[in-house]
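Q: Below is the structure I would like to discuss, written out as structure tokens.
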Amino acid sequence: MSIRTTISSLVTMVIVLSILVGLCGVWVLAASPVSTRAEGYIGAVMLLAMIVILFLGHKLHFQGPWVAPLRIISIFLAIFLTARYLIWRVEFTIGGYGIFSLIVGLTLFAAEIYSAGFALLGYFVNVNPRCRIPAPLPSDESQLPTVDIVIPSYNESAELLEVTLLGALNIQYPSDKFQVHLLDDGGTDDRCNKQKIAEQSRARRRTLQQLCLNLGVIYHTRVHNDHAKAGNINAALDSLRGALMVILDADHVPTRDFLRKTVGFFLQDEKCFLVQTPHSFINPDPIEKNLGTFYDSPPETELFHNVIQTGLDGWNASFFCGSAAVMRRSMLLEVGGIQGDTITEDAETAMILHAKGYHSVFLNESLSIGLQPETMMSFIAQRVRWAQGALQLLHFKNPLTLPGLKPMQRIAYLASFSYWFFPFSRIITILAPSMFLLFGIMVYNATTEQYAIYGVPYFLSTMIFSDFIFGKIRWPLISDVYEMVQTPLAAPALAATILRPGKLSFKVTPKGEQLDRDSIAPTAWVQYLLLLIVLLSLIVGGWRWLNHPGERPQLIFTMMWEFINFMIVAAAVSVTLERKQRREQFRIAPMHPIPAVFHAANDRRIAVRITDLSTGGASLRMPSPEGVHETLKPQENIIIWLESVREKGRVIHIPAKVKSNISGQLGVQFQYQNTQQKAEIVDLIYGDSRQLEERLEQRRKRISFFAAYLYIAKKSTAGLGNNMQFILNQGVHAVMRSTHRLFVVNARSLWTVAFSSRSDRG
């Protein structure tokens, strides 16, 4: 064992012992009986201490040696206020108003226990985050390990796959040290022999074989489609020869320094089985697109990929996420390849290898760009699959009982998997205040003063801790909105999984989908029903305030709670209006406009700047003098000259066709003449990890709690307005169509009667 490993183990042991001792002390203090006035002072002092810690964190820009002690102190304060709140809830707030009130109150308390328990696990995960820098590589390239880059595919288009393959081929690594492989599960022998899809599958196989031949990529397929993605990778494992294996999803394009930043960890630690990097995305998910948050708020996925994974890495429990990762092939073969007993094969594989005593690394640097699902149903289906897989793992390979895992790893995996019970908790917390406001059922027996003493410090402490740990990349209520969107479909799916955990199949998440028109998602009716319940509850709550003054001590915080619920459900309703998506390739705007020159007819040469681009085309900003661009017409062929990204000083030529010319902004479509030209554009868009990080950093910023709530209020209000307008327009169009059909039918009937009468007279 190395000195570094020994020191790391000792530090971990000290942290764990400190946590255990601190937790015992916190619980004893929280359970000690004191007067109500003293409790109020204690809560206020603890909350003030957390506010001071948050203030100090802001002053230190959440960096430096003092941040870790502040984080630990804030965790203990948050745990104290949580324990104090739960003890008060058990002793004073449940029951006393009949059996039905008791049942509903216990149900709500169970949801709170889940939330508090998950928060405690989250405190544990984030107490010791590990922030790594890339391990150095040897100067002698002959000492670098060989690498196989595998790209599993099922139903993705050849155009999408070509971009990913070109990105993999663009990686800067000795050419004799790595090989790219396409694993085609859409062209298996079984599929090529199935009557209904045989012709389509054979055509796909031929197309992808030719693509691989043109690019110098090795094509793989297999006989059957057993075990989906896991089986696809395992079928190719024995034919690979590299010491390491990179796994990239079909839509995840790597940056050119992907291997140079990840391979060194395997040379540094012979027991390292995995280096995982974050998943970053070029396009908005359906919630970001429909709610309009893509350009002015942090990405939702970064909470897990940039914060939780670093926390897990501190306990040697960061896990494989299915893509953008490097694995040691020999260790993977040791456990029979990618595991396939559950539909979340990635986390399952990592947990089994952790149980073997091997190490994982999470490098918090974005080194690939992927695509998110375009439609609400695809997005929810993806998240439901993750949730079902987590429940399967808890059932079949429970981390608390799996042999070989260390205690800290058990807790870390439990924290990761237990998150997915949120749909049940979400339903309860949405409906609980309505039980009191609509029916007078006492689900939470407390006055405003009591809640101010116990509930408010607990509630605010969780928000303050969240802001301290990940306020830059996750704002208040954002998680609530994402959970609310998923809940209507996730809750029944998870209930079915609990009852029959083995009856599940892996379903590929569609990517690159197109929507020809705006539409309402199928789950909208559930969200509208919940919104109606919450809105009616607020109205009835106002009536209760006027007509039942004795209930006002409970009504104050219940109405505030319901108002927050209204904001969450309103935002969930807003995203059910699906925005059309006609463009296949999502365009990105470079951090700095790219200088270029294009050649048009009559040897005209015009200096321009590329303001946005995709592999299909670009927008060019023309020079300011009037008249320079007026002679350019749509469909005119031009050649764009720009400097090569890979080889400074070399100019590449990209043929293009003018598609639009509006006020000096030229839209062009690329007309590639060879693969190298497209490879250069792929490198220009995806290759630079620094530009990727700069784009992501633009969206990361801290805002106040008030600003965060106001942000969601504005977005949900605008979204609701758009929804109402769309539904009204659809209704008007439906009435007009019905009126038109009725008019035509009546006109025909009148004509028939008139003609028949004339015939009779004749």
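Lettering and numbering for the structure tokens are positional, with chains as A, B, ... in the shown order, residues counted from 1 in each chain, and ligands counted from 1 in the shown order.
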Give me, as a PDB file with N, CA, C and O atoms, in the first residue's frame, all polymer residues having an atom no more than 6 Å from range 285-288 of chain A, counting only C-alpha atoms and skipping those fewer than 4 positions away in the same chain.

A:
```
ATOM      1  N   GLY A 292     -38.196  27.360 -20.786  1.00  0.00           N
ATOM      2  CA  GLY A 292     -37.359  28.496 -21.170  1.00  0.00           C
ATOM      3  C   GLY A 292     -36.242  28.798 -20.199  1.00  0.00           C
ATOM      4  O   GLY A 292     -35.937  29.966 -19.939  1.00  0.00           O
ATOM      5  N   THR A 293     -35.597  27.746 -19.650  1.00  0.00           N
ATOM      6  CA  THR A 293     -34.536  27.955 -18.655  1.00  0.00           C
ATOM      7  C   THR A 293     -33.145  27.594 -19.170  1.00  0.00           C
ATOM      8  O   THR A 293     -32.180  27.681 -18.411  1.00  0.00           O
ATOM      9  N   PHE A 294     -33.035  27.203 -20.440  1.00  0.00           N
ATOM     10  CA  PHE A 294     -31.768  26.650 -20.925  1.00  0.00           C
ATOM     11  C   PHE A 294     -30.631  27.662 -20.921  1.00  0.00           C
ATOM     12  O   PHE A 294     -29.488  27.325 -20.640  1.00  0.00           O
ATOM     13  N   GLN A 372     -29.565  15.216 -25.108  1.00  0.00           N
ATOM     14  CA  GLN A 372     -30.624  14.847 -24.179  1.00  0.00           C
ATOM     15  C   GLN A 372     -31.890  14.511 -24.960  1.00  0.00           C
ATOM     16  O   GLN A 372     -32.051  14.942 -26.100  1.00  0.00           O
ATOM     17  N   GLU A 374     -35.488  14.735 -26.553  1.00  0.00           N
ATOM     18  CA  GLU A 374     -36.144  15.947 -27.064  1.00  0.00           C
ATOM     19  C   GLU A 374     -37.585  16.081 -26.595  1.00  0.00           C
ATOM     20  O   GLU A 374     -38.121  17.185 -26.542  1.00  0.00           O
ATOM     21  N   THR A 375     -38.247  14.970 -26.272  1.00  0.00           N
ATOM     22  CA  THR A 375     -39.661  15.025 -25.916  1.00  0.00           C
ATOM     23  C   THR A 375     -39.861  14.673 -24.447  1.00  0.00           C
ATOM     24  O   THR A 375     -39.037  13.987 -23.835  1.00  0.00           O
ATOM     25  N   MET A 376     -40.992  15.128 -23.898  1.00  0.00           N
ATOM     26  CA  MET A 376     -41.292  14.860 -22.500  1.00  0.00           C
ATOM     27  C   MET A 376     -41.379  13.373 -22.224  1.00  0.00           C
ATOM     28  O   MET A 376     -40.854  12.886 -21.218  1.00  0.00           O
ATOM     29  N   VAL A 575     -44.475  22.899 -18.601  1.00  0.00           N
ATOM     30  CA  VAL A 575     -43.581  22.145 -19.483  1.00  0.00           C
ATOM     31  C   VAL A 575     -44.326  21.090 -20.286  1.00  0.00           C
ATOM     32  O   VAL A 575     -43.724  20.430 -21.134  1.00  0.00           O
TER      33      VAL A 575
END
```

Q: Find the residues around range 416-424 of chain A up to 8 Å (only C-alpha atoms counted), leave out those fewer than 2 positions away in its own chain, and share them as an mmCIF file with all heavy atoms, in the first residue's frame.

A:
```cif
data_model
loop_
_atom_site.group_PDB
_atom_site.id
_atom_site.type_symbol
_atom_site.label_atom_id
_atom_site.label_comp_id
_atom_site.auth_asym_id
_atom_site.auth_seq_id
_atom_site.Cartn_x
_atom_site.Cartn_y
_atom_site.Cartn_z
ATOM 1 N N ALA A 111 -43.333 10.558 4.853
ATOM 2 C CA ALA A 111 -42.701 11.273 3.734
ATOM 3 C C ALA A 111 -41.610 12.203 4.238
ATOM 4 O O ALA A 111 -40.542 12.334 3.616
ATOM 5 C CB ALA A 111 -43.750 12.057 2.951
ATOM 6 N N PHE A 118 -32.956 11.052 3.537
ATOM 7 C CA PHE A 118 -32.176 11.253 2.319
ATOM 8 C C PHE A 118 -31.250 12.455 2.460
ATOM 9 O O PHE A 118 -30.112 12.440 1.975
ATOM 10 C CB PHE A 118 -33.105 11.438 1.124
ATOM 11 C CG PHE A 118 -32.380 11.648 -0.171
ATOM 12 C CD1 PHE A 118 -31.707 10.606 -0.778
ATOM 13 C CD2 PHE A 118 -32.345 12.896 -0.772
ATOM 14 C CE1 PHE A 118 -31.012 10.801 -1.961
ATOM 15 C CE2 PHE A 118 -31.662 13.102 -1.945
ATOM 16 C CZ PHE A 118 -30.997 12.052 -2.543
ATOM 17 N N ALA A 387 -34.784 4.989 -12.316
ATOM 18 C CA ALA A 387 -35.430 4.740 -11.022
ATOM 19 C C ALA A 387 -35.718 3.258 -10.832
ATOM 20 O O ALA A 387 -35.466 2.685 -9.758
ATOM 21 C CB ALA A 387 -36.714 5.553 -10.923
ATOM 22 N N ALA A 390 -32.555 1.375 -10.060
ATOM 23 C CA ALA A 390 -32.105 1.583 -8.679
ATOM 24 C C ALA A 390 -32.883 0.689 -7.715
ATOM 25 O O ALA A 390 -32.310 0.096 -6.787
ATOM 26 C CB ALA A 390 -32.262 3.054 -8.298
ATOM 27 N N LEU A 391 -34.197 0.580 -7.924
ATOM 28 C CA LEU A 391 -35.003 -0.283 -7.060
ATOM 29 C C LEU A 391 -34.648 -1.751 -7.255
ATOM 30 O O LEU A 391 -34.643 -2.536 -6.300
ATOM 31 C CB LEU A 391 -36.488 -0.056 -7.332
ATOM 32 C CG LEU A 391 -37.185 0.960 -6.411
ATOM 33 C CD1 LEU A 391 -36.546 2.341 -6.505
ATOM 34 C CD2 LEU A 391 -38.665 1.048 -6.742
ATOM 35 N N LEU A 393 -31.665 -2.829 -8.016
ATOM 36 C CA LEU A 393 -30.395 -3.031 -7.312
ATOM 37 C C LEU A 393 -30.615 -3.173 -5.806
ATOM 38 O O LEU A 393 -29.982 -4.008 -5.155
ATOM 39 C CB LEU A 393 -29.445 -1.867 -7.603
ATOM 40 C CG LEU A 393 -28.757 -1.906 -8.968
ATOM 41 C CD1 LEU A 393 -28.069 -0.587 -9.266
ATOM 42 C CD2 LEU A 393 -27.746 -3.038 -9.026
ATOM 43 N N LEU A 394 -31.504 -2.373 -5.251
ATOM 44 C CA LEU A 394 -31.802 -2.494 -3.817
ATOM 45 C C LEU A 394 -32.412 -3.848 -3.499
ATOM 46 O O LEU A 394 -32.220 -4.391 -2.406
ATOM 47 C CB LEU A 394 -32.755 -1.378 -3.386
ATOM 48 C CG LEU A 394 -32.155 0.027 -3.287
ATOM 49 C CD1 LEU A 394 -33.246 1.052 -3.033
ATOM 50 C CD2 LEU A 394 -31.101 0.096 -2.185
ATOM 51 N N ALA A 412 -22.914 5.179 0.829
ATOM 52 C CA ALA A 412 -22.878 6.012 -0.377
ATOM 53 C C ALA A 412 -23.807 5.456 -1.458
ATOM 54 O O ALA A 412 -24.570 6.203 -2.090
ATOM 55 C CB ALA A 412 -21.452 6.116 -0.901
ATOM 56 N N TYR A 413 -23.747 4.147 -1.685
ATOM 57 C CA TYR A 413 -24.635 3.543 -2.683
ATOM 58 C C TYR A 413 -26.092 3.625 -2.240
ATOM 59 O O TYR A 413 -26.991 3.853 -3.058
ATOM 60 C CB TYR A 413 -24.234 2.088 -2.945
ATOM 61 C CG TYR A 413 -23.186 1.941 -4.023
ATOM 62 C CD1 TYR A 413 -21.875 1.580 -3.715
ATOM 63 C CD2 TYR A 413 -23.498 2.172 -5.358
ATOM 64 C CE1 TYR A 413 -20.917 1.452 -4.706
ATOM 65 C CE2 TYR A 413 -22.541 2.043 -6.355
ATOM 66 C CZ TYR A 413 -21.254 1.690 -6.021
ATOM 67 O OH TYR A 413 -20.308 1.575 -7.012
ATOM 68 N N LEU A 414 -26.343 3.430 -0.951
ATOM 69 C CA LEU A 414 -27.709 3.556 -0.446
ATOM 70 C C LEU A 414 -28.240 4.965 -0.697
ATOM 71 O O LEU A 414 -29.402 5.142 -1.092
ATOM 72 C CB LEU A 414 -27.747 3.232 1.046
ATOM 73 C CG LEU A 414 -29.125 3.353 1.719
ATOM 74 C CD1 LEU A 414 -30.079 2.315 1.141
ATOM 75 C CD2 LEU A 414 -28.999 3.185 3.227
ATOM 76 N N ARG A 426 -43.306 12.911 -3.053
ATOM 77 C CA ARG A 426 -43.788 14.104 -3.751
ATOM 78 C C ARG A 426 -45.312 14.144 -3.784
ATOM 79 O O ARG A 426 -45.923 15.194 -3.553
ATOM 80 C CB ARG A 426 -43.213 14.120 -5.175
ATOM 81 C CG ARG A 426 -43.620 15.289 -6.044
ATOM 82 C CD ARG A 426 -43.155 16.612 -5.524
ATOM 83 N NE ARG A 426 -41.737 16.683 -5.289
ATOM 84 C CZ ARG A 426 -41.124 17.688 -4.689
ATOM 85 N NH1 ARG A 426 -41.835 18.715 -4.241
ATOM 86 N NH2 ARG A 426 -39.818 17.681 -4.510
ATOM 87 N N ILE A 427 -45.957 13.032 -4.043
ATOM 88 C CA ILE A 427 -47.422 12.989 -4.072
ATOM 89 C C ILE A 427 -47.998 13.358 -2.709
ATOM 90 O O ILE A 427 -48.957 14.132 -2.593
ATOM 91 C CB ILE A 427 -47.909 11.586 -4.499
ATOM 92 C CG1 ILE A 427 -47.596 11.350 -5.976
ATOM 93 C CG2 ILE A 427 -49.410 11.439 -4.267
ATOM 94 C CD1 ILE A 427 -47.920 9.957 -6.453
ATOM 95 N N ILE A 428 -47.390 12.811 -1.657
ATOM 96 C CA ILE A 428 -47.889 13.066 -0.297
ATOM 97 C C ILE A 428 -47.756 14.540 0.059
ATOM 98 O O ILE A 428 -48.691 15.166 0.570
ATOM 99 C CB ILE A 428 -47.135 12.184 0.714
ATOM 100 C CG1 ILE A 428 -47.468 10.712 0.474
ATOM 101 C CG2 ILE A 428 -47.493 12.574 2.151
ATOM 102 C CD1 ILE A 428 -46.580 9.749 1.239
ATOM 103 N N GLU A 483 -38.853 16.799 -10.314
ATOM 104 C CA GLU A 483 -39.482 15.647 -9.673
ATOM 105 C C GLU A 483 -40.983 15.629 -9.935
ATOM 106 O O GLU A 483 -41.567 14.571 -10.171
ATOM 107 C CB GLU A 483 -39.191 15.668 -8.176
ATOM 108 C CG GLU A 483 -37.736 15.380 -7.838
ATOM 109 C CD GLU A 483 -37.439 15.480 -6.354
ATOM 110 O OE1 GLU A 483 -38.386 15.704 -5.577
ATOM 111 O OE2 GLU A 483 -36.260 15.332 -5.967
ATOM 112 N N MET A 484 -41.604 16.806 -9.894
ATOM 113 C CA MET A 484 -43.047 16.879 -10.125
ATOM 114 C C MET A 484 -43.384 16.454 -11.546
ATOM 115 O O MET A 484 -44.412 15.806 -11.780
ATOM 116 C CB MET A 484 -43.526 18.312 -9.861
ATOM 117 C CG MET A 484 -45.036 18.469 -9.772
ATOM 118 S SD MET A 484 -45.713 17.627 -8.346
ATOM 119 C CE MET A 484 -46.684 16.350 -9.125
ATOM 120 N N GLN A 486 -41.834 14.262 -13.341
ATOM 121 C CA GLN A 486 -41.665 12.817 -13.473
ATOM 122 C C GLN A 486 -42.687 12.005 -12.681
ATOM 123 O O GLN A 486 -42.998 10.864 -13.032
ATOM 124 C CB GLN A 486 -40.260 12.423 -12.996
ATOM 125 C CG GLN A 486 -39.127 13.056 -13.781
ATOM 126 C CD GLN A 486 -37.779 12.821 -13.121
ATOM 127 O OE1 GLN A 486 -37.322 11.692 -12.976
ATOM 128 N NE2 GLN A 486 -37.136 13.901 -12.695
ATOM 129 N N THR A 487 -43.213 12.572 -11.600
ATOM 130 C CA THR A 487 -44.008 11.813 -10.634
ATOM 131 C C THR A 487 -45.213 11.080 -11.219
ATOM 132 O O THR A 487 -45.436 9.909 -10.889
ATOM 133 C CB THR A 487 -44.432 12.737 -9.476
ATOM 134 O OG1 THR A 487 -43.268 13.077 -8.719
ATOM 135 C CG2 THR A 487 -45.448 12.075 -8.573
ATOM 136 N N PRO A 488 -46.059 11.686 -12.088
ATOM 137 C CA PRO A 488 -47.256 10.980 -12.548
ATOM 138 C C PRO A 488 -46.981 9.635 -13.209
ATOM 139 O O PRO A 488 -47.760 8.691 -13.048
ATOM 140 C CB PRO A 488 -47.881 11.970 -13.543
ATOM 141 C CG PRO A 488 -47.424 13.304 -13.084
ATOM 142 C CD PRO A 488 -46.030 13.080 -12.573
ATOM 143 N N ALA A 490 -43.748 8.082 -12.977
ATOM 144 C CA ALA A 490 -42.757 7.356 -12.181
ATOM 145 C C ALA A 490 -43.400 6.611 -11.018
ATOM 146 O O ALA A 490 -43.008 5.474 -10.710
ATOM 147 C CB ALA A 490 -41.690 8.318 -11.667
ATOM 148 N N ALA A 491 -44.387 7.217 -10.350
ATOM 149 C CA ALA A 491 -44.979 6.584 -9.163
ATOM 150 C C ALA A 491 -45.596 5.223 -9.477
ATOM 151 O O ALA A 491 -45.273 4.227 -8.808
ATOM 152 C CB ALA A 491 -46.000 7.528 -8.531
ATOM 153 N N LEU A 494 -42.784 2.699 -10.455
ATOM 154 C CA LEU A 494 -41.981 2.243 -9.323
ATOM 155 C C LEU A 494 -42.780 1.312 -8.422
ATOM 156 O O LEU A 494 -42.228 0.347 -7.872
ATOM 157 C CB LEU A 494 -41.472 3.437 -8.528
ATOM 158 C CG LEU A 494 -40.466 4.337 -9.252
ATOM 159 C CD1 LEU A 494 -40.027 5.472 -8.358
ATOM 160 C CD2 LEU A 494 -39.266 3.542 -9.720
#
```

Q: Of the residues A:Val223, A:Ala496, A:Ile453, A:Ile610, which is the one nearest to Arg89 in chain A, using only C-alpha atoms?

A: A:Ile453

Q: Could you pull the residues within 12 Å of Leu353 in chain A, counting only C-alpha atoms, minus those fewer than 6 positions along the same chain, as a ChimeraX atom specification?

A: /A:271-274,316-320,327-339,346-347,359-360,402-405,409

Q: How would the residues just picked look written out with N, CA and C atoms as a PDB file, in the first residue's frame?

A:
```pdb
ATOM      1  N   LYS A 271      -4.917  -0.518  -9.055  1.00  0.00           N
ATOM      2  CA  LYS A 271      -6.213  -1.074  -8.653  1.00  0.00           C
ATOM      3  C   LYS A 271      -7.388  -0.229  -9.172  1.00  0.00           C
ATOM      4  N   CYS A 272      -7.086   0.781  -9.981  1.00  0.00           N
ATOM      5  CA  CYS A 272      -8.141   1.634 -10.535  1.00  0.00           C
ATOM      6  C   CYS A 272      -8.855   0.887 -11.662  1.00  0.00           C
ATOM      7  N   PHE A 273     -10.179   0.758 -11.551  1.00  0.00           N
ATOM      8  CA  PHE A 273     -10.952   0.078 -12.598  1.00  0.00           C
ATOM      9  C   PHE A 273     -11.761   1.044 -13.440  1.00  0.00           C
ATOM     10  N   LEU A 274     -11.937   2.282 -12.965  1.00  0.00           N
ATOM     11  CA  LEU A 274     -12.838   3.212 -13.654  1.00  0.00           C
ATOM     12  C   LEU A 274     -12.377   4.652 -13.494  1.00  0.00           C
ATOM     13  N   ASN A 316     -14.521   6.603  -2.258  1.00  0.00           N
ATOM     14  CA  ASN A 316     -14.246   5.558  -3.255  1.00  0.00           C
ATOM     15  C   ASN A 316     -15.550   4.872  -3.658  1.00  0.00           C
ATOM     16  N   ALA A 317     -16.551   5.683  -3.990  1.00  0.00           N
ATOM     17  CA  ALA A 317     -17.855   5.135  -4.350  1.00  0.00           C
ATOM     18  C   ALA A 317     -18.457   5.834  -5.569  1.00  0.00           C
ATOM     19  N   SER A 318     -17.672   6.635  -6.297  1.00  0.00           N
ATOM     20  CA  SER A 318     -18.192   7.199  -7.540  1.00  0.00           C
ATOM     21  C   SER A 318     -18.384   6.047  -8.520  1.00  0.00           C
ATOM     22  N   PHE A 319     -19.458   6.096  -9.307  1.00  0.00           N
ATOM     23  CA  PHE A 319     -19.764   4.909 -10.109  1.00  0.00           C
ATOM     24  C   PHE A 319     -19.901   5.228 -11.590  1.00  0.00           C
ATOM     25  N   PHE A 320     -19.898   4.164 -12.352  1.00  0.00           N
ATOM     26  CA  PHE A 320     -19.988   4.200 -13.811  1.00  0.00           C
ATOM     27  C   PHE A 320     -21.366   4.699 -14.216  1.00  0.00           C
ATOM     28  N   MET A 327     -12.498   2.257 -18.607  1.00  0.00           N
ATOM     29  CA  MET A 327     -12.473   1.120 -17.694  1.00  0.00           C
ATOM     30  C   MET A 327     -11.289   0.230 -18.028  1.00  0.00           C
ATOM     31  N   ARG A 328     -10.771  -0.445 -16.989  1.00  0.00           N
ATOM     32  CA  ARG A 328      -9.689  -1.408 -17.203  1.00  0.00           C
ATOM     33  C   ARG A 328     -10.322  -2.734 -17.638  1.00  0.00           C
ATOM     34  N   ARG A 329      -9.981  -3.174 -18.833  1.00  0.00           N
ATOM     35  CA  ARG A 329     -10.680  -4.314 -19.429  1.00  0.00           C
ATOM     36  C   ARG A 329     -10.468  -5.606 -18.653  1.00  0.00           C
ATOM     37  N   SER A 330      -9.263  -5.815 -18.112  1.00  0.00           N
ATOM     38  CA  SER A 330      -8.980  -7.063 -17.391  1.00  0.00           C
ATOM     39  C   SER A 330      -9.870  -7.199 -16.159  1.00  0.00           C
ATOM     40  N   MET A 331     -10.108  -6.091 -15.451  1.00  0.00           N
ATOM     41  CA  MET A 331     -10.961  -6.140 -14.257  1.00  0.00           C
ATOM     42  C   MET A 331     -12.425  -6.345 -14.643  1.00  0.00           C
ATOM     43  N   LEU A 332     -12.802  -5.784 -15.781  1.00  0.00           N
ATOM     44  CA  LEU A 332     -14.159  -5.986 -16.264  1.00  0.00           C
ATOM     45  C   LEU A 332     -14.380  -7.456 -16.629  1.00  0.00           C
ATOM     46  N   LEU A 333     -13.395  -8.053 -17.287  1.00  0.00           N
ATOM     47  CA  LEU A 333     -13.498  -9.476 -17.633  1.00  0.00           C
ATOM     48  C   LEU A 333     -13.528 -10.357 -16.385  1.00  0.00           C
ATOM     49  N   GLU A 334     -12.882  -9.903 -15.339  1.00  0.00           N
ATOM     50  CA  GLU A 334     -12.818 -10.663 -14.086  1.00  0.00           C
ATOM     51  C   GLU A 334     -14.202 -10.890 -13.481  1.00  0.00           C
ATOM     52  N   VAL A 335     -15.128  -9.955 -13.719  1.00  0.00           N
ATOM     53  CA  VAL A 335     -16.485 -10.101 -13.164  1.00  0.00           C
ATOM     54  C   VAL A 335     -17.493 -10.473 -14.252  1.00  0.00           C
ATOM     55  N   GLY A 336     -16.989 -10.917 -15.404  1.00  0.00           N
ATOM     56  CA  GLY A 336     -17.881 -11.369 -16.464  1.00  0.00           C
ATOM     57  C   GLY A 336     -18.391 -10.265 -17.372  1.00  0.00           C
ATOM     58  N   GLY A 337     -17.721  -9.107 -17.356  1.00  0.00           N
ATOM     59  CA  GLY A 337     -18.118  -8.010 -18.227  1.00  0.00           C
ATOM     60  C   GLY A 337     -19.129  -7.081 -17.568  1.00  0.00           C
ATOM     61  N   ILE A 338     -19.759  -6.264 -18.398  1.00  0.00           N
ATOM     62  CA  ILE A 338     -20.806  -5.361 -17.903  1.00  0.00           C
ATOM     63  C   ILE A 338     -21.946  -6.209 -17.338  1.00  0.00           C
ATOM     64  N   GLN A 339     -22.379  -5.890 -16.138  1.00  0.00           N
ATOM     65  CA  GLN A 339     -23.427  -6.672 -15.482  1.00  0.00           C
ATOM     66  C   GLN A 339     -24.782  -6.435 -16.157  1.00  0.00           C
ATOM     67  N   ASP A 346     -24.790   0.048 -15.541  1.00  0.00           N
ATOM     68  CA  ASP A 346     -23.589   0.819 -15.242  1.00  0.00           C
ATOM     69  C   ASP A 346     -23.307   0.868 -13.741  1.00  0.00           C
ATOM     70  N   ALA A 347     -24.299   1.312 -12.945  1.00  0.00           N
ATOM     71  CA  ALA A 347     -24.107   1.365 -11.495  1.00  0.00           C
ATOM     72  C   ALA A 347     -23.906  -0.031 -10.919  1.00  0.00           C
ATOM     73  N   HIS A 359     -10.705   0.342  -7.210  1.00  0.00           N
ATOM     74  CA  HIS A 359     -10.918   1.777  -6.981  1.00  0.00           C
ATOM     75  C   HIS A 359     -11.526   2.447  -8.203  1.00  0.00           C
ATOM     76  N   SER A 360     -12.297   3.495  -7.947  1.00  0.00           N
ATOM     77  CA  SER A 360     -12.836   4.315  -9.027  1.00  0.00           C
ATOM     78  C   SER A 360     -12.344   5.749  -8.869  1.00  0.00           C
ATOM     79  N   LEU A 402     -24.346  -6.597   0.356  1.00  0.00           N
ATOM     80  CA  LEU A 402     -23.450  -7.149  -0.660  1.00  0.00           C
ATOM     81  C   LEU A 402     -22.064  -7.383  -0.074  1.00  0.00           C
ATOM     82  N   PRO A 403     -21.536  -8.604  -0.108  1.00  0.00           N
ATOM     83  CA  PRO A 403     -20.204  -8.873   0.463  1.00  0.00           C
ATOM     84  C   PRO A 403     -19.114  -8.089  -0.253  1.00  0.00           C
ATOM     85  N   GLY A 404     -18.167  -7.587   0.516  1.00  0.00           N
ATOM     86  CA  GLY A 404     -17.001  -6.924  -0.054  1.00  0.00           C
ATOM     87  C   GLY A 404     -17.012  -5.412   0.018  1.00  0.00           C
ATOM     88  N   LEU A 405     -18.178  -4.794   0.063  1.00  0.00           N
ATOM     89  CA  LEU A 405     -18.233  -3.337   0.144  1.00  0.00           C
ATOM     90  C   LEU A 405     -17.822  -2.865   1.532  1.00  0.00           C
ATOM     91  N   GLN A 409     -18.889   2.817   1.608  1.00  0.00           N
ATOM     92  CA  GLN A 409     -19.414   2.570   0.266  1.00  0.00           C
ATOM     93  C   GLN A 409     -20.870   2.115   0.328  1.00  0.00           C
TER      94      GLN A 409
END
```

Q: I'd like a table as a Markdown table: residues in range 176-227 of chain A with an atom no more than 7 Å from range 150-169 of chain A, each row giving the shortest atom pair and its distance in Å to one decimal, only C-alpha atoms counted, sorted by chain and rising residue number.

A:
```
| residue | atom | partner | partner_atom | distance |
| --- | --- | --- | --- | --- |
| A:Val180 | CA | A:Val150 | CA | 6.1 |
| A:His181 | CA | A:Val150 | CA | 4.8 |
| A:Leu182 | CA | A:Ile151 | CA | 5.0 |
| A:Leu183 | CA | A:Pro152 | CA | 4.6 |
| A:Asp184 | CA | A:Ser153 | CA | 5.0 |
| A:Asp185 | CA | A:Tyr154 | CA | 4.7 |
| A:Gly186 | CA | A:Tyr154 | CA | 4.5 |
| A:Leu208 | CA | A:Ala158 | CA | 6.6 |
```

Q: Would you work out the distance separating CA of Thr277 in chain A from CA of Asn225 in chain A, expressed in Å to one decimal?

A: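 Computing it gives 27.9 Å between the two atoms.
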
Q: Counting only C-alpha atoms, which of A:Ile197, A:Leu54, A:Ile343, A:Leu692 gets nearest to Lys229 in chain A?

A: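 Among the listed residues, A:Ile343 lies closest to Lys229 in chain A.
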
Q: Skip Asn128 in chain A itself and residues of its chain fewer than 4 positions away, then list as a PyMOL selection string all residues within 9 Å of it, counting only C-alpha atoms.

A: chain A and resi 12+15+68+72+124+310-315

Q: Taking only range 2-214 of chain A into account, list the residues labelled strand (DSSP E) by DSSP (computed from the backbone), as JSON, numbers by chain.

A: {"A": [147, 148, 149, 150, 151, 152, 153, 178, 179, 180, 181, 182, 183, 184]}

Q: Rounded to one decimal, what separation in Å do you get between CA of Gln268 in chain A and CA of Ile133 in chain A?

A: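 If I compute the distance from CA of Gln268 in chain A to CA of Ile133 in chain A, I get 12.5 Å.
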
Q: With DSSP run on the backbone, what are the alpha helix (DSSP H) residues within range 236-419 of chain A? I'd like them as an MDAnalysis selection string.

A: chainID A and resid 236:237 258:262 264:268 286:291 302 309:313 329:334 345:355 376:396 407:418
